[in-house]
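As structure tokens, the structure follows; a few thoughts come after it.
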Amino acid sequence: MNMEALAGPASVRAAAPPAPGGPERPNLLGLARAELESLCVGLGSKPFRARQLMHWLYKRGCDRFESMSDLALEFRAQLAEHAQVRLPEIVTAQRASDGTCKWLLRADRSQAFEMVYIPESDRGTLCISSQVGCALDCAFCSTAQQGFNRNLSTAEIVGQVWLANRELGFQAGGERIITNVVLMGMGEPLANFRNVIPALRIFLDDLGFDLSRRRVTLSTSGLVPQIYRLAQEINVALAVSLHAPDDALRSRLVPINRLHPIAELLEACWHYIDEQNGRSVTFEYVMLEGVNDAPAQARALARLLAGHPAKVNLIPFNAFPGAQFRRSSDAAIARFRDELIRGGVIATVRRTRGDDIDAACGQLVGRVIDRTVVRLGAKAAAAQSRSPGVEA
Ligand code: SAH
């Protein structure tokens with residue numbers, strides 16, 4: 001049966017924007033299972049219809065109600081009238097020489113955010129954003145220079161994984177291409193707690209993306225109260241941006257440390273592991289030449305972490321226009337890693353990926369404003385210069 005002819009594409013084309021001036025129809029990509037069940041009930045249907053809907057959305061990658069052929073026509077019409085499936089729009093897509101892909105996605109007329117896919121032999125990692133810009137102001141991060149624009153909605157966070165799945169498809173043999181999702185793109189995920197938690201639930205839900213909890217990583221700069229809240233809510237892999245072994249230096253690099261110093265942060269991390277029965281926290285440590293890369297600093301870091309469920313991931317600093325730091329030499333990074341290992345801490349070095357398209361850690365959004373403006377024209381540029389929090 002030709003559903004399009006039956007229902008008319010204009011009325012049920014799921015990705016269509018809400019009627020101008022009308023109330024915003026809920027975006028199904030923003031609803032975790034329980035909320036989707038309530039929505040079905042609210043539309044006069046049975047809660048188990050949510051399972052069918054999720055199957056279409058997340059297993060079949062279908063965003064058109066008219067194609068959801070095992071749902072009653074009447075229910076499909078109800079959905080089309082009262083709900084929508086809306087995806088972030090792709091502004092540009094780029095592919096690096098090492099296979100890393102980066103997409104610029106539209107948040108609204110003048111703002112955009114990025115996601116990056118990093119293929120490796122044994123896994124495929126999608127790095128997604130949780131905010132447009134960031135308010136945390138870490139000294140070495142290019143996203144910080146953009147300032148903060150707004151939180152992404154749950155649907156925009158989930159929509160990134162949905163979209164990447166559609167763009168990348170499946171490997172020959174039906175294997176999934178995205179095996180890991182990391183919240184390490186733009187933004188501080190714990191500063192957008194309300195929208196991030198339902199997104200995490202959809203990533204883990206077996207009716208959603210069905211990812212393993214160890215393959216969904218939330219990276220935070222250290223919002224201590226929210227780490228305690230997270231411990232009450234959900235079990236995912238926790239990564240923490242530590243970057244310094246002492247408070248004086250960390251407060252300079254990661255200003256939130258002035259509010260929540262290292263000792264408090266580490267207590268919250270161990271609590272998370274205890275509460276969620278987790279394996280370990282990954283501490284990210286960006287290698288900045290002459291700033292935090294001395295062997296004595298490695299030994300101090302080892303003293304903080306040895307004997308705790310901790311791993312350290314050393315990230316070679318990625319430069320961006322206007323950066324005041326330089327990347328540590330390979331020799332300094334190797335020495336730092338070896339000191340940590342000698343001090344009883346598991347340590348690895350993150351390979352830099354996608355740097356020829358500015359897709360590496362901390363490079364996201366460095367030139368987004370320019371690129372967006374170029375794509376969206378002079379009107380958007382004028383609007384943007386009036387928006388608060390986006391001055392470079
Ligand atoms: N706001 C979250 C996620 C952001 S980015 C957080 O702070 O954890 C993911 C990682 O990249 C963080 O550890 C961040 O500190 C690091 N990073 C930021 N800028 C970087 C740069 N220029 N080079 C290398 N790593 C960087």
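Naming works like this for the structure tokens: A, B, ... for the chains as they're shown, residue 1 at the start of each chain, ligands 1 onward in shown order.
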Near ligand 1, 9 Å: chain A residue rows, closest pairs, only C-alpha atoms and all ligand atoms, as a Markdown table:
```
| residue | atom | partner | partner_atom_place_in_ligand_line | distance |
| --- | --- | --- | --- | --- |
| A:Cys127 | CA | ligand 1 | 9 (C) | 9.0 |
| A:Ser129 | CA | ligand 1 | 3 (C) | 8.3 |
| A:Ser130 | CA | ligand 1 | 3 (C) | 8.7 |
| A:Cys134 | CA | ligand 1 | 1 (N) | 7.5 |
| A:Leu136 | CA | ligand 1 | 1 (N) | 7.6 |
| A:Cys138 | CA | ligand 1 | 15 (O) | 7.4 |
| A:Ala139 | CA | ligand 1 | 19 (N) | 8.2 |
| A:Phe140 | CA | ligand 1 | 22 (N) | 5.1 |
| A:Cys141 | CA | ligand 1 | 19 (N) | 3.5 |
| A:Ser142 | CA | ligand 1 | 22 (N) | 6.2 |
| A:Thr143 | CA | ligand 1 | 19 (N) | 7.5 |
| A:Ala144 | CA | ligand 1 | 19 (N) | 8.5 |
| A:Val182 | CA | ligand 1 | 9 (C) | 8.7 |
| A:Leu183 | CA | ligand 1 | 3 (C) | 6.3 |
| A:Met184 | CA | ligand 1 | 9 (C) | 4.0 |
| A:Gly185 | CA | ligand 1 | 5 (S) | 5.4 |
| A:Met186 | CA | ligand 1 | 4 (C) | 6.0 |
| A:Gly187 | CA | ligand 1 | 1 (N) | 5.1 |
| A:Glu188 | CA | ligand 1 | 1 (N) | 3.7 |
| A:Pro189 | CA | ligand 1 | 1 (N) | 6.4 |
| A:Leu190 | CA | ligand 1 | 1 (N) | 8.2 |
| A:Ala191 | CA | ligand 1 | 1 (N) | 8.8 |
| A:Leu218 | CA | ligand 1 | 3 (C) | 7.7 |
| A:Ser219 | CA | ligand 1 | 8 (O) | 4.1 |
| A:Thr220 | CA | ligand 1 | 8 (O) | 3.6 |
| A:Ser221 | CA | ligand 1 | 7 (O) | 3.7 |
| A:Gly222 | CA | ligand 1 | 7 (O) | 7.4 |
| A:Ala239 | CA | ligand 1 | 8 (O) | 6.8 |
| A:Val240 | CA | ligand 1 | 8 (O) | 5.6 |
| A:Ser241 | CA | ligand 1 | 13 (O) | 4.3 |
| A:Leu242 | CA | ligand 1 | 13 (O) | 7.4 |
| A:His243 | CA | ligand 1 | 15 (O) | 7.2 |
| A:Val254 | CA | ligand 1 | 15 (O) | 8.2 |
| A:Phe283 | CA | ligand 1 | 13 (O) | 7.9 |
| A:Glu284 | CA | ligand 1 | 13 (O) | 4.9 |
| A:Tyr285 | CA | ligand 1 | 13 (O) | 6.6 |
| A:Val286 | CA | ligand 1 | 25 (N) | 5.2 |
| A:Met287 | CA | ligand 1 | 24 (C) | 7.5 |
| A:Leu288 | CA | ligand 1 | 23 (N) | 8.7 |
| A:Asn313 | CA | ligand 1 | 13 (O) | 8.9 |
| A:Leu314 | CA | ligand 1 | 25 (N) | 8.9 |
| A:Ile315 | CA | ligand 1 | 24 (C) | 5.5 |
| A:Pro316 | CA | ligand 1 | 24 (C) | 5.8 |
| A:Phe317 | CA | ligand 1 | 23 (N) | 3.7 |
| A:Asn318 | CA | ligand 1 | 23 (N) | 3.8 |
| A:Ala319 | CA | ligand 1 | 22 (N) | 5.6 |
| A:Phe320 | CA | ligand 1 | 22 (N) | 6.9 |
| A:Ala323 | CA | ligand 1 | 22 (N) | 8.0 |
| A:Phe325 | CA | ligand 1 | 22 (N) | 8.6 |
| A:Arg327 | CA | ligand 1 | 23 (N) | 8.3 |
| A:Thr352 | CA | ligand 1 | 24 (C) | 8.7 |
| A:Ala360 | CA | ligand 1 | 24 (C) | 7.3 |
| A:Cys361 | CA | ligand 1 | 25 (N) | 4.5 |
| A:Gly362 | CA | ligand 1 | 19 (N) | 3.0 |
| A:Gln363 | CA | ligand 1 | 22 (N) | 5.7 |
| A:Leu364 | CA | ligand 1 | 19 (N) | 8.4 |
```
Close residues, Arg51 (chain A) itself excluded, 10 Å, only C-alpha atoms, min 2 positions apart in chain, as JSON, numbers by chain: {"A": [33, 36, 37, 47, 48, 49, 53, 54, 55, 56, 57, 207, 208]}
So that I can check the secondary structure, give me every residue of region 224-309 of chain A assigned alpha helix (DSSP H) by backbone DSSP, as a ChimeraX atom specification. /A:224-233,247-253,262-276,295-305
